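Working notes for the structure below.
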Amino acid sequence: MFDEHNGPISGVSVNRPSEFDALNGLVLTSSFDWTVKLWTPEGKESLRTFEYAEDYIYDVSWHPTNPSLFATVNNDGYLDVFDLTRDLELPIAHEKVNRCAQNKCHWNNEGSAIATGDSSGSVNLYLLAEKYRKMDNSKYDDLARYLSQKQDSD
């Protein structure tokens, strides 16, 4: 049981198996407490808390082919994309979709596009640049070391 959020959980996403063992099965949770948390399936405490939003975060979704990339959507109408190999605190993309709350986000199977759904009933589609569709392998070791240290300290 994950019990660190200070509000309702609004989204859960489990990372798919990949050749990068340290990232396999990691869990992301989004919440009305304005945070996203990163967990291991067996962890009692989160590995990382992302505190970047200024309103409810409604959904979170791991990228299907880049295991270090995920997206969130929030009540302020933003789509945020994070890459753990590039920055462990801030999104690499912060896009105002429109004035409506963005309630859902979902990647297509190839990871080339993400769709967001909003509170007015609209769906928006964004294309992801080719360079972000696969993980930067040269930065994996640093990320794996960071995750291992966080797990060992729990």
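The way I read the labels, and the way they are meant: chains A, B, ... in the order of the structure tokens, residue 1 as the first residue of every chain, and ligand 1 as the first ligand shown, with later ones counted on from there.
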
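DSSP on the backbone gives alpha helix (DSSP H) for these parts of region 100-148 of chain A: Tyr140, Asp141, Asp142, Leu143, Ala144, Arg145, Tyr146, Leu147 and Ser148 of chain A.
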
Expected file: the selected residues, N, CA and C atoms, as a PDB file, in the first residue's frame:
ATOM      1  N   TYR A 140      21.756   6.351 -18.487  1.00  0.00           N
ATOM      2  CA  TYR A 140      21.042   5.339 -17.704  1.00  0.00           C
ATOM      3  C   TYR A 140      21.781   4.973 -16.422  1.00  0.00           C
ATOM      4  N   ASP A 141      23.089   4.797 -16.479  1.00  0.00           N
ATOM      5  CA  ASP A 141      23.847   4.365 -15.304  1.00  0.00           C
ATOM      6  C   ASP A 141      23.689   5.341 -14.139  1.00  0.00           C
ATOM      7  N   ASP A 142      23.713   6.644 -14.427  1.00  0.00           N
ATOM      8  CA  ASP A 142      23.530   7.639 -13.370  1.00  0.00           C
ATOM      9  C   ASP A 142      22.138   7.524 -12.748  1.00  0.00           C
ATOM     10  N   LEU A 143      21.146   7.345 -13.576  1.00  0.00           N
ATOM     11  CA  LEU A 143      19.774   7.205 -13.078  1.00  0.00           C
ATOM     12  C   LEU A 143      19.625   5.923 -12.264  1.00  0.00           C
ATOM     13  N   ALA A 144      20.174   4.818 -12.746  1.00  0.00           N
ATOM     14  CA  ALA A 144      20.092   3.547 -12.028  1.00  0.00           C
ATOM     15  C   ALA A 144      20.798   3.649 -10.667  1.00  0.00           C
ATOM     16  N   ARG A 145      21.919   4.330 -10.631  1.00  0.00           N
ATOM     17  CA  ARG A 145      22.643   4.527  -9.373  1.00  0.00           C
ATOM     18  C   ARG A 145      21.809   5.352  -8.386  1.00  0.00           C
ATOM     19  N   TYR A 146      21.187   6.413  -8.880  1.00  0.00           N
ATOM     20  CA  TYR A 146      20.328   7.254  -8.037  1.00  0.00           C
ATOM     21  C   TYR A 146      19.161   6.435  -7.462  1.00  0.00           C
ATOM     22  N   LEU A 147      18.502   5.663  -8.307  1.00  0.00           N
ATOM     23  CA  LEU A 147      17.362   4.858  -7.853  1.00  0.00           C
ATOM     24  C   LEU A 147      17.798   3.805  -6.841  1.00  0.00           C
ATOM     25  N   SER A 148      18.945   3.201  -7.064  1.00  0.00           N
ATOM     26  CA  SER A 148      19.466   2.197  -6.143  1.00  0.00           C
ATOM     27  C   SER A 148      19.766   2.814  -4.780  1.00  0.00           C
TER      28      SER A 148
END

- Task: Determine, counting only C-alpha atoms, which protein, DNA and RNA residues have an atom within 9 Å of an atom of region 2-9 of chain A; residues of the same chain fewer than 6 positions away are not included. Present the result as a list in words.
- Result: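 In the requested form, the answer reads Thr29, Ser30, Ser31, Phe32, Asp33, Trp34, Thr35, Val36, Lys37, Trp39, Gly43, Lys44, Glu45, Ser46 and Tyr58 of chain A.
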
Write a file of the selected residues as an mmCIF file, in the first residue's frame, keeping C-alpha atoms.
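Saved as again_18.cif:
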data_model
loop_
_atom_site.group_PDB
_atom_site.id
_atom_site.type_symbol
_atom_site.label_atom_id
_atom_site.label_comp_id
_atom_site.auth_asym_id
_atom_site.auth_seq_id
_atom_site.Cartn_x
_atom_site.Cartn_y
_atom_site.Cartn_z
ATOM 1 C CA THR A 29 0.944 8.108 -8.862
ATOM 2 C CA SER A 30 -0.660 11.496 -9.436
ATOM 3 C CA SER A 31 -2.788 13.248 -6.870
ATOM 4 C CA PHE A 32 -5.023 16.148 -5.952
ATOM 5 C CA ASP A 33 -2.231 17.137 -3.536
ATOM 6 C CA TRP A 34 -0.459 18.678 -6.574
ATOM 7 C CA THR A 35 2.316 16.056 -6.651
ATOM 8 C CA VAL A 36 3.462 12.996 -8.574
ATOM 9 C CA LYS A 37 5.291 10.266 -6.685
ATOM 10 C CA TRP A 39 7.615 4.186 -6.256
ATOM 11 C CA GLY A 43 8.724 0.079 -1.512
ATOM 12 C CA LYS A 44 7.066 1.487 1.575
ATOM 13 C CA GLU A 45 8.200 5.039 0.807
ATOM 14 C CA SER A 46 8.306 6.893 -2.487
ATOM 15 C CA TYR A 58 -5.340 14.454 -12.852
#

- Task: Tell me which of A:Trp107, A:Phe20, A:Tyr126, A:Tyr78 sits closest to Tyr56 (chain A), counting only C-alpha atoms.
- Result: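 That would be A:Tyr78, the residue with the smallest distance to Tyr56 (chain A).
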
- Item | Å distance separating CA of Ile92 (chain A) from CA of Glu110 (chain A), one decimal place |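 Computing the Euclidean distance for CA of Ile92 (chain A) and CA of Glu110 (chain A) yields 19.7 Å.
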